[in-house]
>>> print(open('coords05.cif').read())   # mmCIF, C-alpha atoms and all ligand atoms
data_upload
loop_
_atom_site.group_PDB
_atom_site.id
_atom_site.type_symbol
_atom_site.label_atom_id
_atom_site.label_comp_id
_atom_site.auth_asym_id
_atom_site.auth_seq_id
_atom_site.Cartn_x
_atom_site.Cartn_y
_atom_site.Cartn_z
ATOM 1 C CA MET P 20 109.314 301.970 34.445
ATOM 2 C CA THR P 21 111.797 299.135 33.882
ATOM 3 C CA LYS P 22 110.528 295.811 32.720
ATOM 4 C CA SER P 23 111.319 292.800 34.956
ATOM 5 C CA THR P 24 114.015 290.541 33.553
ATOM 6 C CA ILE P 25 113.035 287.622 35.847
ATOM 7 C CA ASP P 26 111.247 284.823 34.037
ATOM 8 C CA ALA P 27 108.031 283.211 35.239
ATOM 9 C CA ASP P 28 109.716 280.032 36.521
ATOM 10 C CA THR P 29 112.059 282.005 38.777
ATOM 11 C CA ILE P 30 109.158 284.042 40.153
ATOM 12 C CA LEU P 31 107.160 280.880 40.902
ATOM 13 C CA LYS P 32 110.135 279.198 42.523
ATOM 14 C CA ARG P 33 110.565 282.153 44.899
ATOM 15 C CA ALA P 34 106.903 281.958 45.874
ATOM 16 C CA THR P 35 107.039 278.223 46.640
ATOM 17 C CA PRO P 36 107.426 277.209 50.294
ATOM 18 C CA VAL P 37 110.785 275.587 50.966
ATOM 19 C CA ALA P 38 109.742 272.268 52.508
ATOM 20 C CA HIS P 39 111.642 269.101 53.509
ATOM 21 C CA GLN P 40 114.619 270.992 54.902
ATOM 22 C CA GLU P 41 116.982 269.197 57.254
ATOM 23 C CA SER P 42 119.828 270.415 59.391
ATOM 24 C CA HIS P 43 121.841 269.547 62.481
ATOM 25 C CA GLU P 44 120.242 270.242 65.882
ATOM 26 C CA ILE P 45 120.877 273.680 67.313
ATOM 27 C CA GLN P 46 121.144 272.223 70.856
ATOM 28 C CA PRO P 47 121.570 268.535 71.666
ATOM 29 C CA PHE P 48 119.406 267.028 74.399
ATOM 30 C CA GLY P 49 121.161 266.884 77.763
ATOM 31 C CA HIS P 50 123.375 269.903 77.057
ATOM 32 C CA LEU P 51 122.706 273.295 78.596
ATOM 33 C CA VAL P 52 123.258 276.772 77.238
ATOM 34 C CA HIS P 53 124.101 279.547 79.687
ATOM 35 C CA MET P 54 121.176 281.801 80.552
ATOM 36 C CA PRO P 55 121.742 285.142 82.316
ATOM 37 C CA ILE P 56 119.547 284.413 85.340
ATOM 38 C CA ALA P 57 122.187 284.451 88.091
ATOM 39 C CA LEU P 58 122.193 280.694 88.712
ATOM 40 C CA SER P 59 125.244 278.410 88.614
ATOM 41 C CA GLU P 60 125.666 275.885 85.809
ATOM 42 C CA THR P 61 125.583 273.052 88.359
ATOM 43 C CA THR P 62 122.269 274.223 89.771
ATOM 44 C CA CYS P 63 120.707 274.673 86.318
ATOM 45 C CA LYS P 64 121.900 271.230 85.225
ATOM 46 C CA GLU P 65 120.454 269.518 88.289
ATOM 47 C CA SER P 66 117.138 271.353 87.941
ATOM 48 C CA VAL P 67 116.868 270.570 84.230
ATOM 49 C CA GLU P 68 117.517 266.854 84.791
ATOM 50 C CA ASN P 69 114.971 266.681 87.588
ATOM 51 C CA LEU P 70 112.395 268.724 85.699
ATOM 52 C CA ASN P 71 112.692 266.464 82.642
ATOM 53 C CA GLN P 72 111.883 263.447 84.827
ATOM 54 C CA LEU P 73 108.975 265.357 86.352
ATOM 55 C CA LEU P 74 107.884 266.401 82.849
ATOM 56 C CA ALA P 75 107.896 262.814 81.543
ATOM 57 C CA ASP P 76 105.797 261.656 84.494
ATOM 58 C CA THR P 77 103.418 264.615 84.238
ATOM 59 C CA ILE P 78 102.884 264.009 80.505
ATOM 60 C CA THR P 79 102.175 260.343 81.264
ATOM 61 C CA LEU P 80 99.740 261.184 84.062
ATOM 62 C CA ARG P 81 98.042 263.754 81.811
ATOM 63 C CA ASP P 82 97.607 261.161 79.068
ATOM 64 C CA LEU P 83 96.384 258.566 81.562
ATOM 65 C CA TYR P 84 93.600 260.997 82.467
ATOM 66 C CA LYS P 85 92.593 261.382 78.797
ATOM 67 C CA LYS P 86 92.624 257.616 78.263
ATOM 68 C CA HIS P 87 90.350 257.182 81.276
ATOM 69 C CA HIS P 88 88.154 260.113 80.186
ATOM 70 C CA TRP P 89 87.442 258.250 76.950
ATOM 71 C CA GLN P 90 87.254 254.707 78.274
ATOM 72 C CA THR P 91 85.469 254.957 81.626
ATOM 73 C CA ALA P 92 82.203 253.050 82.107
ATOM 74 C CA GLY P 93 79.473 252.357 84.634
ATOM 75 C CA PRO P 94 77.040 254.271 86.885
ATOM 76 C CA THR P 95 79.631 256.984 87.555
ATOM 77 C CA PHE P 96 80.405 257.431 83.860
ATOM 78 C CA TYR P 97 79.278 261.035 83.560
ATOM 79 C CA GLN P 98 81.000 262.461 86.630
ATOM 80 C CA LEU P 99 84.238 260.553 86.016
ATOM 81 C CA HIS P 100 84.186 261.458 82.316
ATOM 82 C CA LEU P 101 84.008 265.151 83.270
ATOM 83 C CA LEU P 102 86.396 264.954 86.234
ATOM 84 C CA PHE P 103 89.073 263.076 84.289
ATOM 85 C CA ASP P 104 88.978 265.686 81.534
ATOM 86 C CA LYS P 105 89.251 268.548 84.045
ATOM 87 C CA HIS P 106 92.313 266.920 85.591
ATOM 88 C CA TYR P 107 93.745 266.307 82.107
ATOM 89 C CA GLU P 108 93.513 270.038 81.357
ATOM 90 C CA GLU P 109 95.123 270.957 84.676
ATOM 91 C CA GLN P 110 97.968 268.470 84.110
ATOM 92 C CA ASN P 111 98.397 269.904 80.618
ATOM 93 C CA THR P 112 98.953 273.345 82.136
ATOM 94 C CA LEU P 113 101.594 271.832 84.445
ATOM 95 C CA VAL P 114 103.285 270.147 81.459
ATOM 96 C CA ASP P 115 103.673 273.515 79.742
ATOM 97 C CA SER P 116 104.992 275.236 82.881
ATOM 98 C CA ILE P 117 107.561 272.500 83.545
ATOM 99 C CA ALA P 118 108.721 272.348 79.903
ATOM 100 C CA GLU P 119 109.106 276.115 79.665
ATOM 101 C CA ARG P 120 111.065 276.238 82.926
ATOM 102 C CA ILE P 121 113.483 273.654 81.472
ATOM 103 C CA GLN P 122 114.005 275.923 78.461
ATOM 104 C CA LEU P 123 114.490 279.086 80.512
ATOM 105 C CA LEU P 124 117.126 277.295 82.604
ATOM 106 C CA GLY P 125 119.038 276.667 79.359
ATOM 107 C CA GLY P 126 118.044 273.020 78.913
ATOM 108 C CA VAL P 127 116.092 271.079 76.320
ATOM 109 C CA SER P 128 112.687 269.761 77.343
ATOM 110 C CA LEU P 129 111.507 266.277 76.439
ATOM 111 C CA ALA P 130 108.487 266.385 74.161
ATOM 112 C CA MET P 131 107.681 263.331 72.088
ATOM 113 C CA ALA P 132 105.828 260.209 73.275
ATOM 114 C CA PRO P 133 108.607 257.641 72.626
ATOM 115 C CA ASP P 134 111.106 259.787 74.566
ATOM 116 C CA VAL P 135 108.629 260.198 77.412
ATOM 117 C CA ALA P 136 107.893 256.446 77.463
ATOM 118 C CA GLU P 137 111.611 255.707 77.820
ATOM 119 C CA ILE P 138 112.005 257.478 81.139
ATOM 120 C CA THR P 139 108.630 257.721 82.872
ATOM 121 C CA LEU P 140 108.334 255.883 86.181
ATOM 122 C CA ILE P 141 104.570 255.421 85.795
ATOM 123 C CA PRO P 142 103.675 251.841 84.749
ATOM 124 C CA ARG P 143 102.229 251.474 81.262
ATOM 125 C CA PRO P 144 98.514 250.644 81.302
ATOM 126 C CA PRO P 145 96.986 248.099 78.891
ATOM 127 C CA LYS P 146 95.581 249.357 75.591
ATOM 128 C CA GLY P 147 92.144 248.027 76.472
ATOM 129 C CA ARG P 148 89.529 249.399 78.856
ATOM 130 C CA GLU P 149 89.587 248.882 82.593
ATOM 131 C CA ALA P 150 86.833 249.230 85.214
ATOM 132 C CA ALA P 151 86.567 252.540 87.068
ATOM 133 C CA PRO P 152 88.098 251.303 90.361
ATOM 134 C CA THR P 153 91.165 250.063 88.462
ATOM 135 C CA GLN P 154 91.408 253.320 86.537
ATOM 136 C CA ILE P 155 91.316 255.172 89.851
ATOM 137 C CA SER P 156 93.975 252.928 91.404
ATOM 138 C CA ARG P 157 96.269 253.635 88.451
ATOM 139 C CA LEU P 158 95.721 257.376 88.777
ATOM 140 C CA LEU P 159 96.366 257.357 92.530
ATOM 141 C CA HIS P 160 99.568 255.378 92.026
ATOM 142 C CA ALA P 161 100.707 257.830 89.334
ATOM 143 C CA HIS P 162 99.936 260.826 91.559
ATOM 144 C CA GLU P 163 101.965 259.277 94.365
ATOM 145 C CA ILE P 164 104.956 258.696 92.066
ATOM 146 C CA VAL P 165 104.822 262.348 90.969
ATOM 147 C CA LEU P 166 104.367 263.655 94.517
ATOM 148 C CA LYS P 167 107.231 261.582 95.913
ATOM 149 C CA GLU P 168 109.755 262.731 93.323
ATOM 150 C CA ALA P 169 108.418 266.304 93.322
ATOM 151 C CA ARG P 170 109.024 266.750 97.065
ATOM 152 C CA THR P 171 112.627 265.531 96.743
ATOM 153 C CA MET P 172 113.205 267.722 93.670
ATOM 154 C CA ALA P 173 111.757 270.781 95.407
ATOM 155 C CA ARG P 174 114.162 270.357 98.345
ATOM 156 C CA LEU P 175 117.141 269.936 95.990
ATOM 157 C CA ALA P 176 116.171 273.041 94.001
ATOM 158 C CA ALA P 177 115.898 275.109 97.191
ATOM 159 C CA GLN P 178 119.284 273.842 98.402
ATOM 160 C CA GLY P 179 120.852 274.861 95.063
ATOM 161 C CA GLY P 180 119.322 278.349 95.243
ATOM 162 C CA ASP P 181 116.863 277.703 92.404
ATOM 163 C CA ASP P 182 113.856 279.236 94.137
ATOM 164 C CA GLY P 183 111.863 279.493 90.902
ATOM 165 C CA THR P 184 112.000 275.738 90.327
ATOM 166 C CA ASN P 185 111.229 275.119 93.989
ATOM 167 C CA ASP P 186 108.201 277.409 93.768
ATOM 168 C CA LEU P 187 106.913 275.821 90.556
ATOM 169 C CA ILE P 188 107.199 272.342 92.021
ATOM 170 C CA VAL P 189 105.683 273.199 95.412
ATOM 171 C CA SER P 190 103.023 275.753 94.492
ATOM 172 C CA ASP P 191 101.893 274.243 91.207
ATOM 173 C CA VAL P 192 102.884 270.580 90.869
ATOM 174 C CA ILE P 193 102.614 269.349 94.468
ATOM 175 C CA ARG P 194 99.511 271.299 95.411
ATOM 176 C CA ARG P 195 97.647 270.400 92.193
ATOM 177 C CA ASN P 196 98.558 266.710 92.436
ATOM 178 C CA GLU P 197 97.525 266.523 96.093
ATOM 179 C CA LEU P 198 94.172 268.119 95.282
ATOM 180 C CA GLN P 199 93.534 265.853 92.285
ATOM 181 C CA ALA P 200 94.484 262.765 94.309
ATOM 182 C CA TRP P 201 91.859 263.736 96.909
ATOM 183 C CA PHE P 202 89.118 264.214 94.298
ATOM 184 C CA VAL P 203 89.898 260.872 92.698
ATOM 185 C CA ALA P 204 90.418 258.925 95.944
ATOM 186 C CA GLU P 205 87.006 259.867 97.346
ATOM 187 C CA HIS P 206 85.405 257.860 94.512
ATOM 188 C CA VAL P 207 86.666 254.592 95.932
ATOM 189 C CA VAL P 208 85.429 255.088 99.489
ATOM 190 C CA ASP P 209 82.902 252.333 100.142
ATOM 191 C CA VAL P 210 79.970 254.231 101.695
ATOM 192 C CA PRO P 211 76.300 253.226 101.367
ATOM 193 C CA LEU P 212 74.325 254.998 98.619
ATOM 194 C CA THR P 213 70.845 254.913 100.115
ATOM 195 C CA HIS P 214 70.770 253.157 103.514
ATOM 196 C CA ALA P 215 72.872 254.088 106.505
ATOM 197 C CA VAL P 216 74.469 251.046 108.111
HETATM 198 FE FE FE U 301 86.310 264.659 75.502
#
>>> encode(input="coords05.cif", output="structure tokens", more="lines below")
Ligand SMILES: [Fe+2]
Amino acid sequence: MTKSTIDADTILKRATPVAHQESHEIQPFGHLVHMPIALSETTCKESVENLNQLLADTITLRDLYKKHHWQTAGPTFYQLHLLFDKHYEEQNTLVDSIAERIQLLGGVSLAMAPDVAEITLIPRPPKGREAAPTQISRLLHAHEIVLKEARTMARLAAQGGDDGTNDLIVSDVIRRNELQAWFVAEHVVDVPLTHAV
């Protein structure tokens, strides 16, 4: 058996995690790599650009739901607290699906809050708390922004032959947002609680 000639310092150095490494990006934002999925570069580019806008707005809507989940108040606190969190989770699933579709098309998905804030079309809410009807108005406005752009993007994807993007937008994004908008909107219908009028 041969005795190791490596000294203790060298052994320890090899066992130490190599942290604080920096390098150039492997793919700059806004540039596509070619993926072998039988779609033209033009189609992929258009879908990636549209999906990044949809991603930024979906992340913002998702986070708006969490803000309202935490900050809601009043007699409907419990049901809104639970409903807002359910919608947050569902929007979070959409965020992941949209981001991963951007990657599979050869693009780079937006991810971080400052980058999202730069391009989202959803107005920024105040840091403080707002009453439930105002929270609901904000959510309905955000859903409508997402639905409007999503329908246009779905048509463009279908025209370009990108059926996968069209399906994601129609089957997942549009249908989920329409359903959530209904659940939220019914909370601001002014019907009597105890006496019929
Ligand atoms: Fe919570």
>>> closest_residue(input="coords05.cif", among="P:Val135, P:Met172, P:Ile188, P:Leu101", to="Ile117 of chain P", atoms="all atoms listed in the file")
P:Ile188
>>> residues_around(input="coords05.cif", residues="segment 65-69 of chain P", least_positions_apart="3", cutoff="8 Å", atoms="all atoms listed in the file", output="ChimeraX atom specification")
/P:49,61-62,72-73,121,124,126-127,172,176,181,184
>>> closest_residue(input="coords05.cif", among="P:Ala34, P:Ala118, P:Leu99, P:Cys63", to="ligand FE 301 (chain U)", atoms="all atoms listed in the file")
P:Leu99
>>> atom_distance(input="coords05.cif", atom1="atom CA of Trp201 of chain P", atom2="atom CA of Lys105 of chain P")
14.0 Å
>>> residues_around(input="coords05.cif", residues="Arg157 of chain P", least_positions_apart="3", cutoff="9 Å", atoms="all atoms listed in the file", output="PyMOL selection string")
chain P and resi 83+141-142+144+152-154+160-162
>>> atom_distance(input="coords05.cif", atom1="atom CA of Gly93 of chain P", atom2="atom CA of Val210 of chain P")
17.2 Å
>>> residues_near_ligand(input="coords05.cif", ligand="ligand FE 301 (chain U)", cutoff="9 Å", atoms="all atoms listed in the file", output="list in words")
Lys85, His88, Trp89, His100, Leu101 and Asp104 of chain P
>>> closest_residue(input="coords05.cif", among="P:Thr24, P:Thr29, P:Ser59, P:Asn71", to="Gln122 of chain P", atoms="all atoms listed in the file")
P:Asn71
>>> closest_residue(input="coords05.cif", among="P:Ala75, P:Leu187, P:Ala38, P:Leu158", to="Ala173 of chain P", atoms="all atoms listed in the file")
P:Leu187
>>> closest_residue(input="coords05.cif", among="P:Ala92, P:Ala136, P:Ile78, P:Ala57", to="Val114 of chain P", atoms="all atoms listed in the file")
P:Ile78
>>> closest_residue(input="coords05.cif", among="P:Leu51, P:Ile155, P:Ala169, P:Leu58", to="Phe103 of chain P", atoms="all atoms listed in the file")
P:Ile155
>>> decode(input="coords05.cif", residues="segment 157-178 of chain P", atoms="N, CA and C atoms", output="tab-separated table (two decimals), in the first residue's frame")
chain	number	residue	atom	x	y	z
P	157	ARG	N	-58.76	45.53	-7.78
P	157	ARG	CA	-57.40	45.38	-8.32
P	157	ARG	C	-57.22	44.02	-9.00
P	158	LEU	N	-57.72	42.98	-8.33
P	158	LEU	CA	-57.57	41.63	-8.88
P	158	LEU	C	-58.34	41.48	-10.19
P	159	LEU	N	-59.57	42.03	-10.23
P	159	LEU	CA	-60.36	41.92	-11.45
P	159	LEU	C	-59.70	42.67	-12.60
P	160	HIS	N	-59.15	43.83	-12.29
P	160	HIS	CA	-58.44	44.60	-13.32
P	160	HIS	C	-57.24	43.81	-13.85
P	161	ALA	N	-56.49	43.21	-12.93
P	161	ALA	CA	-55.31	42.42	-13.31
P	161	ALA	C	-55.71	41.21	-14.17
P	162	HIS	N	-56.80	40.54	-13.76
P	162	HIS	CA	-57.26	39.39	-14.56
P	162	HIS	C	-57.62	39.85	-15.98
P	163	GLU	N	-58.25	41.01	-16.07
P	163	GLU	CA	-58.69	41.48	-17.39
P	163	GLU	C	-57.49	41.83	-18.28
P	164	ILE	N	-56.45	42.40	-17.67
P	164	ILE	CA	-55.22	42.69	-18.43
P	164	ILE	C	-54.63	41.39	-18.98
P	165	VAL	N	-54.54	40.38	-18.12
P	165	VAL	CA	-53.98	39.09	-18.52
P	165	VAL	C	-54.85	38.45	-19.61
P	166	LEU	N	-56.17	38.47	-19.41
P	166	LEU	CA	-57.06	37.82	-20.38
P	166	LEU	C	-57.00	38.50	-21.75
P	167	LYS	N	-56.93	39.84	-21.74
P	167	LYS	CA	-56.91	40.57	-23.00
P	167	LYS	C	-55.66	40.22	-23.81
P	168	GLU	N	-54.51	40.28	-23.15
P	168	GLU	CA	-53.26	39.99	-23.88
P	168	GLU	C	-53.18	38.50	-24.24
P	169	ALA	N	-53.69	37.65	-23.36
P	169	ALA	CA	-53.60	36.20	-23.59
P	169	ALA	C	-54.38	35.80	-24.84
P	170	ARG	N	-55.55	36.40	-25.04
P	170	ARG	CA	-56.36	36.03	-26.22
P	170	ARG	C	-55.65	36.44	-27.51
P	171	THR	N	-55.05	37.63	-27.51
P	171	THR	CA	-54.29	38.08	-28.69
P	171	THR	C	-53.09	37.16	-28.92
P	172	MET	N	-52.36	36.84	-27.84
P	172	MET	CA	-51.17	36.00	-27.96
P	172	MET	C	-51.52	34.59	-28.44
P	173	ALA	N	-52.65	34.08	-27.99
P	173	ALA	CA	-53.07	32.73	-28.41
P	173	ALA	C	-53.32	32.71	-29.91
P	174	ARG	N	-53.99	33.76	-30.41
P	174	ARG	CA	-54.28	33.82	-31.87
P	174	ARG	C	-52.98	33.90	-32.66
P	175	LEU	N	-52.04	34.73	-32.19
P	175	LEU	CA	-50.76	34.88	-32.89
P	175	LEU	C	-49.98	33.56	-32.91
P	176	ALA	N	-50.00	32.85	-31.79
P	176	ALA	CA	-49.28	31.57	-31.71
P	176	ALA	C	-49.89	30.56	-32.69
P	177	ALA	N	-51.21	30.54	-32.77
P	177	ALA	CA	-51.88	29.60	-33.68
P	177	ALA	C	-51.54	29.96	-35.14
P	178	GLN	N	-51.54	31.26	-35.44
P	178	GLN	CA	-51.21	31.69	-36.80
P	178	GLN	C	-49.78	31.30	-37.18
